[in-house]
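Peer 1: Structure file start.cif (mmCIF, C-alpha atoms) right here:
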```cif
data_upload
loop_
_atom_site.label_atom_id
_atom_site.label_comp_id
_atom_site.auth_asym_id
_atom_site.auth_seq_id
_atom_site.Cartn_x
_atom_site.Cartn_y
_atom_site.Cartn_z
CA MET A 1 -5.26 81.83 95.20
CA VAL A 2 -2.34 83.81 96.52
CA GLU A 3 1.01 82.44 95.38
CA PHE A 4 3.40 82.03 98.30
CA GLU A 5 6.33 80.67 96.30
CA SER A 6 8.95 82.89 94.74
CA THR A 7 8.24 83.77 91.11
CA ALA A 8 11.68 85.26 90.46
CA THR A 9 14.83 83.44 89.45
CA SER A 10 18.41 84.37 90.08
CA GLY A 11 18.72 85.48 86.45
CA ASP A 12 15.77 87.90 86.60
CA LEU A 13 16.28 91.62 86.89
CA MET A 14 15.31 92.49 90.46
CA PRO A 15 12.35 94.90 90.72
CA PRO A 16 12.48 98.15 92.71
CA ARG A 17 12.43 97.79 96.47
CA THR A 18 9.04 96.85 97.92
CA PRO A 19 7.44 99.60 100.06
CA VAL A 20 6.89 98.72 103.73
CA VAL A 21 4.53 100.44 106.16
CA LEU A 22 5.18 99.96 109.88
CA VAL A 23 2.10 100.17 112.13
CA THR A 24 2.94 100.65 115.80
CA GLY A 25 1.35 101.60 119.11
CA LEU A 26 0.66 100.50 122.68
CA ASP A 27 -2.95 99.48 121.94
CA PRO A 28 -2.74 96.18 120.02
CA GLU A 29 -6.39 96.36 118.95
CA ALA A 30 -5.99 99.84 117.44
CA VAL A 31 -2.80 98.72 115.71
CA ALA A 32 -4.57 95.66 114.30
CA ARG A 33 -7.50 97.73 113.00
CA THR A 34 -5.21 100.21 111.29
CA ALA A 35 -3.01 97.51 109.78
CA ASP A 36 -6.08 95.67 108.48
CA ALA A 37 -7.33 98.86 106.83
CA LEU A 38 -4.10 99.03 104.82
CA VAL A 39 -4.47 95.52 103.38
CA VAL A 40 -5.72 96.08 99.84
CA ALA A 41 -5.03 94.17 96.62
CA GLY A 42 -1.31 93.48 96.26
CA THR A 43 -0.61 93.89 99.98
CA THR A 44 0.80 91.38 102.45
CA LEU A 45 0.47 91.93 106.21
CA VAL A 46 3.01 90.44 108.62
CA HIS A 47 2.53 90.23 112.37
CA HIS A 48 4.67 88.55 115.03
CA ASP A 49 2.91 87.96 118.34
CA LEU A 50 5.64 88.20 120.98
CA ASP A 51 3.59 87.22 124.04
CA ALA A 52 5.57 83.96 124.44
CA VAL A 53 8.91 85.15 123.04
CA GLY A 54 10.62 84.51 126.39
CA SER A 55 10.04 80.79 125.98
CA GLY A 56 11.35 80.82 122.43
CA ARG A 57 7.96 80.74 120.66
CA VAL A 58 6.59 83.41 118.36
CA VAL A 59 3.30 83.21 116.46
CA ARG A 60 3.69 84.66 112.97
CA THR A 61 0.64 85.65 110.91
CA VAL A 62 0.97 86.41 107.20
CA ARG A 63 -2.18 87.67 105.51
CA ALA A 64 -1.95 88.31 101.78
CA VAL A 65 -4.35 89.72 99.18
CA ASP A 66 -3.25 89.17 95.60
CA LEU A 67 -3.85 91.54 92.69
CA ASP A 68 -7.18 89.83 91.93
CA GLY A 69 -8.44 90.29 95.48
CA ASN A 70 -7.99 86.69 96.58
CA GLU A 71 -6.96 86.37 100.22
CA ILE A 72 -5.06 83.78 102.19
CA THR A 73 -3.87 83.77 105.80
CA GLN A 74 -1.10 81.60 107.20
CA VAL A 75 -0.47 81.29 110.95
CA THR A 76 2.82 79.67 111.93
CA GLU A 77 4.48 79.06 115.28
CA VAL A 78 8.16 79.96 114.99
CA ASN A 79 10.53 78.31 117.43
CA LEU A 80 13.62 80.34 118.26
CA ALA A 81 16.84 79.07 119.78
CA HIS A 82 17.01 82.18 121.95
CA GLY A 83 13.80 83.80 123.11
CA CYS A 84 14.36 87.48 122.38
CA VAL A 85 13.12 90.26 120.15
CA SER A 86 16.38 90.56 118.24
CA CYS A 87 16.21 86.85 117.36
CA THR A 88 12.71 87.34 115.99
CA LEU A 89 13.88 90.19 113.79
CA ARG A 90 17.11 88.59 112.64
CA LEU A 91 15.97 85.00 112.16
CA ASP A 92 12.40 85.38 110.93
CA LEU A 93 11.15 88.85 109.97
CA LEU A 94 14.16 90.00 107.95
CA PRO A 95 14.45 86.85 105.82
CA LEU A 96 10.67 86.89 105.32
CA LEU A 97 10.80 90.44 103.99
CA ARG A 98 13.42 89.43 101.44
CA ARG A 99 11.31 86.48 100.29
CA LEU A 100 8.15 88.58 100.03
CA HIS A 101 9.99 91.06 97.84
CA ARG A 102 10.44 88.36 95.19
CA ARG A 103 6.77 87.45 94.99
CA SER A 104 5.00 88.96 92.00
CA SER A 105 1.74 89.18 93.96
CA VAL A 106 3.29 91.44 96.62
CA GLU A 107 3.35 95.14 95.81
CA ASN A 108 3.26 96.45 99.38
CA ILE A 109 4.05 95.05 102.82
CA VAL A 110 2.43 96.10 106.11
CA ILE A 111 4.21 95.13 109.33
CA GLN A 112 1.88 95.10 112.33
CA LEU A 113 4.33 95.58 115.18
CA ASP A 114 3.88 94.06 118.61
CA SER A 115 3.08 96.74 121.20
CA ALA A 116 6.45 96.28 122.93
CA LEU A 117 8.46 96.99 119.78
CA GLU A 118 9.91 100.36 118.90
CA PRO A 119 9.75 101.10 115.16
CA GLU A 120 13.18 102.75 115.11
CA ALA A 121 14.80 99.48 116.18
CA VAL A 122 12.94 97.63 113.42
CA ALA A 123 13.94 100.24 110.82
CA TRP A 124 17.56 99.99 111.93
CA ALA A 125 17.50 96.21 111.66
CA ILE A 126 15.98 96.32 108.18
CA ASP A 127 18.71 98.63 106.91
CA GLU A 128 21.73 97.39 108.85
CA VAL A 129 21.45 93.71 109.83
CA VAL A 130 22.86 91.47 107.11
CA VAL A 131 20.65 88.47 106.36
CA THR A 132 22.82 85.41 105.69
CA ASP A 133 22.45 81.79 104.60
CA MET A 134 19.37 82.28 102.41
CA PRO A 135 19.55 79.94 99.39
CA GLY A 136 19.34 81.92 96.17
CA PHE A 137 20.00 85.23 97.91
CA ILE A 138 23.18 87.26 98.22
CA ASP A 139 23.99 88.09 101.86
CA ALA A 140 22.60 91.58 102.38
CA PRO A 141 20.29 93.57 104.66
CA ALA A 142 16.56 93.33 104.03
CA GLY A 143 16.82 97.00 103.12
CA SER A 144 18.36 95.98 99.82
CA ASP A 145 14.95 94.54 98.86
CA VAL A 146 12.42 96.61 100.83
CA VAL A 147 12.16 100.26 101.85
CA ILE A 148 10.17 101.82 104.68
CA ASP A 149 7.54 104.03 103.06
CA ALA A 150 5.87 105.19 106.29
CA THR A 151 5.39 104.56 109.99
CA ILE A 152 1.91 104.96 111.46
CA ALA A 153 1.55 105.21 115.24
CA CYS A 154 -1.77 104.41 116.91
CA VAL A 155 -2.51 106.43 120.05
CA SER A 156 -5.26 106.06 122.61
CA GLU A 157 -6.80 109.42 123.44
CA LEU A 158 -7.88 108.06 126.81
CA ASP A 159 -4.62 106.80 128.32
CA TRP A 160 -1.63 107.44 126.04
CA LEU A 161 -0.41 110.53 127.93
CA GLU A 162 -0.50 108.71 131.26
CA ALA A 163 1.56 105.89 129.77
CA ALA A 164 3.99 108.33 128.15
CA THR A 165 4.72 110.17 131.39
CA GLY A 166 4.80 107.37 133.97
CA ASP A 167 7.33 104.91 135.34
CA GLU A 168 5.63 101.58 134.65
CA THR A 169 8.05 99.03 133.21
CA LEU A 170 7.33 96.56 130.44
CA GLY A 171 8.15 93.65 132.73
CA GLY A 172 10.12 91.02 130.86
CA ASP A 173 10.86 88.74 133.80
CA ALA A 174 11.82 85.45 132.15
CA ASP A 175 10.07 83.53 134.93
CA ASP A 176 6.82 85.20 133.90
CA GLY A 177 7.21 84.31 130.25
CA GLY A 178 8.83 87.57 129.22
CA SER A 179 11.89 87.94 127.08
CA GLY A 180 14.05 89.24 129.93
CA GLU A 181 15.42 92.02 127.76
CA ASP A 182 12.55 94.43 128.40
CA GLU A 183 12.77 94.54 132.19
CA ASP A 184 14.55 97.92 132.23
CA ARG A 185 12.48 99.67 129.56
CA THR A 186 9.49 101.70 130.66
CA LEU A 187 6.13 102.02 128.97
CA ALA A 188 6.85 105.74 128.60
CA GLN A 189 10.02 105.11 126.62
CA VAL A 190 8.17 102.86 124.20
CA ALA A 191 5.18 105.21 123.89
CA VAL A 192 7.35 108.23 123.16
CA ALA A 193 9.59 106.30 120.77
CA GLN A 194 6.61 105.05 118.76
CA VAL A 195 5.09 108.49 118.27
CA GLY A 196 8.41 110.29 117.82
CA PHE A 197 9.31 108.01 114.91
CA ALA A 198 5.89 108.23 113.23
CA ASP A 199 5.09 109.81 109.88
CA ALA A 200 1.33 109.70 110.57
CA LEU A 201 -0.94 109.21 113.59
CA VAL A 202 -4.22 107.43 114.21
CA VAL A 203 -5.82 108.62 117.44
CA ALA A 204 -8.36 106.19 118.88
CA ALA A 205 -10.93 108.56 120.36
CA ALA A 206 -12.26 107.90 123.82
CA ASP A 207 -15.89 107.06 124.37
CA PRO A 208 -17.71 110.37 125.05
CA SER A 209 -18.80 109.10 128.47
CA MET A 210 -15.14 108.57 129.46
CA ARG A 211 -13.51 111.56 127.77
CA ASP A 212 -11.73 114.12 129.92
CA GLN A 213 -11.56 117.29 127.84
CA TRP A 214 -8.44 118.64 129.55
CA THR A 215 -6.51 115.37 129.18
CA SER A 216 -7.58 115.13 125.52
CA ALA A 217 -6.47 118.68 124.78
CA ARG A 218 -3.15 118.18 126.55
CA THR A 219 -2.57 114.88 124.72
CA MET A 220 -3.12 116.58 121.37
CA ALA A 221 -0.73 119.37 122.35
CA VAL A 222 1.95 116.81 123.17
CA LEU A 223 1.40 114.89 119.92
CA ARG A 224 1.64 118.08 117.85
CA ARG A 225 5.07 118.74 119.34
CA LEU A 226 6.37 115.20 119.38
CA ALA A 227 5.38 114.52 115.74
CA PRO A 228 4.75 118.04 114.39
CA ARG A 229 4.45 117.23 110.68
CA ALA A 230 2.54 113.96 111.02
CA PRO A 231 -0.99 114.05 109.57
CA MET A 232 -3.53 112.81 112.09
CA VAL A 233 -6.94 111.14 111.90
CA MET A 234 -9.39 110.34 114.69
CA GLU A 235 -10.81 106.83 114.91
CA LEU A 236 -14.23 107.14 116.51
CA PRO A 237 -15.64 104.54 118.95
CA GLN A 238 -17.54 101.77 117.18
CA ARG A 239 -16.25 103.05 113.83
CA PRO A 240 -12.91 101.48 112.87
CA ILE A 241 -10.67 103.29 110.44
CA ARG A 242 -11.73 102.56 106.85
CA PRO A 243 -9.36 101.58 104.01
CA LEU A 244 -10.08 104.83 102.14
CA ILE A 245 -9.14 106.92 105.20
CA ALA A 246 -5.99 104.85 105.74
CA VAL A 247 -4.90 105.40 102.13
CA GLN A 248 -5.64 109.13 102.37
CA LEU A 249 -3.60 109.31 105.58
CA LEU A 250 -0.58 107.81 103.81
CA ARG A 251 -0.99 110.24 100.93
CA ALA A 252 -1.08 113.16 103.37
CA ILE A 253 2.42 112.44 104.67
CA PRO A 254 4.49 115.46 103.57
CA GLU A 255 7.63 115.51 101.49
CA GLY A 256 10.74 115.20 103.61
CA ALA A 257 9.03 113.03 106.24
CA ARG A 258 11.23 110.64 108.17
CA ARG A 259 10.10 107.41 106.40
CA GLY A 260 12.38 105.19 108.43
CA ARG A 261 15.32 107.59 108.67
CA ILE A 262 17.19 107.30 111.96
CA ASP A 263 18.51 110.49 113.50
CA GLY A 264 22.06 110.62 114.79
CA PRO A 265 23.16 112.31 118.02
CA HIS A 266 24.53 115.29 116.08
CA ASP A 267 21.44 115.90 113.94
CA PRO A 268 19.19 118.92 114.60
CA LEU A 269 17.22 118.50 117.82
CA LEU A 270 14.20 120.62 116.85
CA ARG A 271 13.29 118.37 113.94
CA ASP A 272 10.27 119.32 111.85
CA GLN A 273 9.90 122.69 113.63
CA PRO A 274 7.47 121.89 116.47
CA PRO A 275 5.29 124.71 117.84
CA LEU A 276 7.22 126.62 120.49
CA GLU A 277 4.32 128.43 122.13
CA GLU A 278 2.67 127.03 125.25
CA GLU A 279 -0.57 125.09 124.83
CA CYS A 280 -2.51 123.53 127.71
CA GLY A 281 0.62 123.78 129.83
CA VAL A 282 2.64 121.91 127.20
CA ARG A 283 5.70 123.58 125.77
CA VAL A 284 9.11 122.91 124.26
CA VAL A 285 11.99 124.06 126.47
CA GLU A 286 15.42 124.63 124.94
CA PHE A 287 18.64 124.62 126.93
CA THR A 288 22.07 125.46 125.51
CA ALA A 289 25.47 126.00 127.12
CA GLU A 290 28.87 126.82 125.69
CA ARG A 291 30.54 125.64 128.90
CA PRO A 292 30.90 122.01 129.99
CA PHE A 293 28.86 120.36 132.72
CA HIS A 294 30.41 119.41 136.02
CA PRO A 295 29.74 115.62 135.98
CA GLN A 296 28.62 115.31 139.60
CA ARG A 297 26.33 118.35 139.51
CA LEU A 298 24.88 117.19 136.20
CA HIS A 299 24.21 113.73 137.62
CA ALA A 300 22.15 115.32 140.38
CA ALA A 301 20.50 117.85 138.06
CA LEU A 302 19.15 115.24 135.67
CA ASP A 303 16.30 114.54 138.10
CA VAL A 304 14.70 117.76 136.86
CA LEU A 305 14.05 115.99 133.56
CA LEU A 306 11.92 113.31 135.23
CA ASP A 307 9.22 115.42 136.90
CA GLY A 308 6.49 116.97 134.74
CA VAL A 309 8.42 116.22 131.55
CA VAL A 310 7.21 114.07 128.66
CA CYS A 311 10.61 113.58 127.04
CA THR A 312 14.10 114.98 126.56
CA ARG A 313 16.77 114.53 123.93
CA GLY A 314 20.07 116.27 123.48
CA ARG A 315 23.87 116.45 123.52
CA MET A 316 26.02 117.13 126.56
CA TRP A 317 29.63 118.24 127.04
CA LEU A 318 31.16 116.87 130.25
CA ALA A 319 34.21 118.67 131.60
CA ASN A 320 36.14 115.48 132.41
CA ARG A 321 35.30 113.75 129.10
CA PRO A 322 36.54 116.23 126.45
CA ASP A 323 36.51 113.78 123.55
CA ASP A 324 33.04 112.28 123.98
CA ALA A 325 29.76 113.91 123.02
CA PHE A 326 27.24 112.46 125.46
CA TRP A 327 23.66 111.80 124.37
CA VAL A 328 20.74 112.00 126.80
CA GLU A 329 17.15 111.00 126.27
CA SER A 330 14.29 110.62 128.70
CA ALA A 331 10.65 109.62 128.55
CA GLY A 332 8.41 109.89 131.57
CA GLU A 333 10.52 108.71 134.50
CA GLY A 334 12.98 106.70 132.40
CA LEU A 335 16.36 108.14 131.42
CA ARG A 336 19.30 107.02 129.31
CA VAL A 337 22.74 108.54 128.86
CA ALA A 338 25.00 107.25 126.09
CA ILE A 339 28.17 108.19 124.28
CA GLY A 340 27.16 109.59 120.91
CA GLY A 341 30.64 109.53 119.36
CA PRO A 342 33.48 112.04 119.41
CA TRP A 343 33.28 115.78 118.97
CA LEU A 344 34.72 117.05 115.69
CA ALA A 345 37.34 118.89 117.75
CA ALA A 346 38.55 115.51 119.03
CA MET A 347 39.05 114.17 115.50
CA SER A 348 41.90 114.54 113.09
CA VAL A 349 41.40 116.66 109.98
CA GLN A 350 41.20 113.47 107.92
CA GLU A 351 38.56 111.96 110.20
CA ARG A 352 36.38 115.05 109.95
CA GLU A 353 36.20 114.68 106.17
CA PHE A 354 34.12 111.53 106.62
CA GLU A 355 31.53 113.29 108.80
CA ASP A 356 28.21 114.59 107.51
CA PRO A 357 28.66 117.93 105.69
CA GLU A 358 25.66 119.42 107.50
CA ARG A 359 27.20 118.57 110.86
CA ARG A 360 30.49 120.19 109.83
CA ALA A 361 28.67 123.29 108.58
CA MET A 362 26.72 123.68 111.83
CA ALA A 363 29.88 123.14 113.87
CA ALA A 364 31.69 125.84 111.91
CA LEU A 365 29.04 128.38 112.98
CA ARG A 366 29.79 127.85 116.67
CA TRP A 367 33.48 126.86 116.49
CA ASP A 368 35.49 128.05 119.49
CA PRO A 369 39.25 128.54 119.08
CA GLU A 370 39.94 126.52 122.25
CA HIS A 371 37.04 124.10 122.59
CA GLY A 372 35.97 123.63 118.98
CA ASP A 373 32.39 122.36 118.52
CA ARG A 374 31.92 121.22 122.11
CA HIS A 375 28.64 122.43 123.58
CA SER A 376 25.48 121.25 125.30
CA ALA A 377 22.02 121.43 123.74
CA LEU A 378 18.85 119.82 125.09
CA VAL A 379 15.24 119.97 123.94
CA ILE A 380 12.70 119.18 126.67
CA LEU A 381 8.99 118.60 126.07
CA ALA A 382 7.31 119.56 129.34
CA HIS A 383 3.66 119.22 130.29
CA ARG A 384 3.68 120.11 134.00
CA ALA A 385 7.19 121.31 134.78
CA ASP A 386 8.22 124.95 135.19
CA PRO A 387 10.59 125.83 132.31
CA ASP A 388 12.52 128.29 134.50
CA ILE A 389 13.23 125.56 137.07
CA ILE A 390 14.45 123.21 134.32
CA THR A 391 16.81 125.71 132.73
CA GLY A 392 17.92 127.09 136.10
CA THR A 393 18.77 123.64 137.47
CA LEU A 394 20.74 122.71 134.37
CA SER A 395 22.54 126.08 134.36
CA GLU A 396 23.75 125.48 137.91
CA ALA A 397 25.40 122.25 136.71
CA VAL A 398 27.73 123.95 134.21
CA LEU A 399 31.17 125.11 135.30
CA THR A 400 31.53 128.38 137.13
CA ASP A 401 33.97 131.14 136.13
CA ALA A 402 36.48 129.86 138.68
CA GLU A 403 36.14 126.29 137.45
CA MET A 404 36.55 127.40 133.84
CA ALA A 405 39.77 129.14 134.84
CA ASP A 406 41.13 125.87 136.30
CA GLY A 407 41.45 124.38 132.83
CA GLN A 408 41.23 120.91 131.33
CA THR A 409 43.96 119.33 133.44
CA LEU A 410 42.04 119.89 136.66
CA TRP A 411 38.72 119.02 135.02
CA MET A 412 40.04 115.56 134.24
CA ALA A 413 40.28 114.84 137.99
CA TYR A 414 36.55 115.33 138.59
CA PRO A 415 34.77 112.19 139.92
CA ASP A 416 32.80 110.60 137.09
CA PRO A 417 29.36 109.15 137.92
CA PHE A 418 28.88 108.47 134.18
CA GLY A 419 31.92 106.22 133.86
CA VAL A 420 31.86 102.54 132.98
CA ALA A 421 32.32 101.48 136.63
CA HIS A 422 28.99 102.22 138.32
CA SER A 423 26.12 100.52 140.10
CA ASP A 424 23.42 101.09 137.49
CA PRO A 425 22.17 97.98 135.67
CA CYS A 426 23.90 97.52 132.34
CA ASP A 427 23.29 94.97 129.63
CA ASP A 428 25.07 94.06 126.44
CA LEU A 429 22.05 93.78 124.19
CA GLU A 430 22.29 93.93 120.45
CA GLN A 431 21.62 97.22 118.68
CA THR A 432 18.22 96.01 117.49
CA ASP A 433 17.01 96.06 121.08
CA ARG A 434 17.71 99.72 121.74
CA ARG A 435 16.41 103.02 120.46
CA ALA A 436 19.79 104.70 119.94
CA PRO A 437 21.87 102.51 117.62
CA THR A 438 24.10 105.51 116.89
CA ALA A 439 25.42 105.60 120.43
CA ASP A 440 28.72 103.86 121.05
CA SER A 441 28.00 102.66 124.56
CA ILE A 442 25.38 102.93 127.25
CA THR A 443 26.50 104.37 130.56
CA ASP A 444 23.26 104.82 132.50
CA THR A 445 20.58 102.70 130.88
CA ASP A 446 16.84 102.95 131.31
CA THR A 447 16.90 103.80 134.99
CA ASP A 448 14.61 105.77 137.25
CA ARG A 449 17.24 108.04 138.75
CA LYS A 450 15.01 109.06 141.65
CA ASP A 451 15.68 105.65 143.19
CA GLN A 452 19.43 106.18 143.05
CA GLN A 453 19.78 109.34 145.07
#
```
Hey, can you dump this file as structure tokens for me?
Peer 2:
Amino acid sequence: MVEFESTATSGDLMPPRTPVVLVTGLDPEAVARTADALVVAGTTLVHHDLDAVGSGRVVRTVRAVDLDGNEITQVTEVNLAHGCVSCTLRLDLLPLLRRLHRRSSVENIVIQLDSALEPEAVAWAIDEVVVTDMPGFIDAPAGSDVVIDATIACVSELDWLEAATGDETLGGDADDGGSGEDEDRTLAQVAVAQVGFADALVVAAADPSMRDQWTSARTMAVLRRLAPRAPMVMELPQRPIRPLIAVQLLRAIPEGARRGRIDGPHDPLLRDQPPLEEECGVRVVEFTAERPFHPQRLHAALDVLLDGVVCTRGRMWLANRPDDAFWVESAGEGLRVAIGGPWLAAMSVQEREFEDPERRAMAALRWDPEHGDRHSALVILAHRADPDIITGTLSEAVLTDAEMADGQTLWMAYPDPFGVAHSDPCDDLEQTDRRAPTADSITDTDTDRKDQQ
């Protein structure tokens, strides 16, 4: 039988951190099949069903196979004081991971994520949220006991691209049993976040009678640019992924893969060198500017990122906000703008010493005697949009020669549609509920900007 009690004592030397594989995706059946294929001897699978999280109930399934191949499954209903995703992570999953680490029968952990969860938020919680009040444990993040070895995203060939480019929301109305915290997030934002964070992909192939060759080819082109280094396998209809294939997929993940690493707003935007050539109308569009944006013209121009675009991510320099590096990300018709921390030029010499050496080295290459490292850089993954219209629209939002000559004093008087006082919906959710834990504050969260004009 599988031993569910801790076999370690406080005097034992703690073993190396237990590897964790996150399995994510919008299709819960594909996610379940892939997670099941990873459950071999010495593996424990954890799944939290969040369908009733809004009412404070979560169904937790723990399926374990010990080193002798014996299997046991425990299904438990967890009652939470506050029905939300962050409570599930903080109060149940994170302590469970720490306990599993101490069990001698557990060599690997597979977390089968609910379809509404973004793996980056889970990875952040594992590494950053301190787990307290566990008898026999020192207060520490779960990341002190476990380490994310890989993230596998499951994608439906038939309908993933439609989900990743639309405006459908997750719902989350508390009256309908939702958590309430998802009502602003779109399906596109979750779909893009799941694939963008993945180290490997499982593509659930469409039934031949339903396959659209053009949609399939375009979907593959998007995936190759959104997760360029991720090995990929096709799961054929009526033929679920086998354990051998799942193990081979994990082994195919290249050196230097993300493996739970969270990018900051000042990290390279073209991570993993995606293909830059056009394929099936899909291409990566780069925009850079060494002049600041006019805030009002930028606010209007951002609509260009919501039509025919899969996703956007990048840094922005606003003329009236010289200290703040703004971060923008979009997916489908959902857009977020956040403050990604100060520019190096806005820091003291002593403060800069604490910044990442790679960031300082890259800033030195573009350093301007007057404006320092301030700049704008966006990477846009387009599937229907005209790249010239995108770059032209954004270029018209930067300051003109005459405006540049006015100087910073006059720039500070520009009206600010990105300020804290605005009509867009804002919440004060915990970091575990958002994709960009590096951002200091959200100024325009998860909104379809077309409805605001």
Peer 1: Taking only C-alpha atoms into account, which of A:Asp167, A:Asp66, A:Asp324, A:Asp51 comes nearest Ala338 (chain A)?
Peer 2: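 Between A:Asp167, A:Asp66, A:Asp324, A:Asp51, the residue approaching Ala338 (chain A) most closely is A:Asp324.
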Peer 1: Place a sphere of radius 8 Å on (15.7, 88.1, 122.0) in the file coordinates and name every protein, DNA or RNA residue with an atom inside or on its surface, counting only C-alpha atoms; give the answer as a list in words.
Peer 2: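 Returned residue set, sorted by chain then number, is Val53, Gly54, His82, Gly83, Cys84, Val85, Ser86, Cys87, Thr88, Ser179 and Glu181 of chain A.
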Peer 1: Report, in Å with one decimal, the straight-line distance from CA of Ala252 (chain A) to CA of Pro231 (chain A).
Peer 2: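 If I compute the distance from CA of Ala252 (chain A) to CA of Pro231 (chain A), I get 6.3 Å.
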Peer 1: Closest to Leu22 (chain A) among A:Val78, A:Ala153, A:Leu226, A:Val58, using all atoms listed in the file?
Peer 2: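 With all atoms listed in the file as the atom set, the closest residue is A:Ala153.
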Peer 1: Under the PyMOL selection byres ((chain A and resi 204-206) around 7), which residues of this model are included? Write them out as number ranges by chain.
Peer 2: A: 30, 155-158, 202-203, 207-208, 210-211, 234-237
Peer 1: How big is the axis-aligned box around all listed atoms of region 16-32 of chain A once 5 Å goes on each side, and where's its centre, in Å to one decimal, as JSON?
Peer 2:
```
{"center_x": 3.0, "center_y": 98.6, "center_z": 107.7, "size_x": 28.9, "size_y": 15.9, "size_z": 40.0}
```
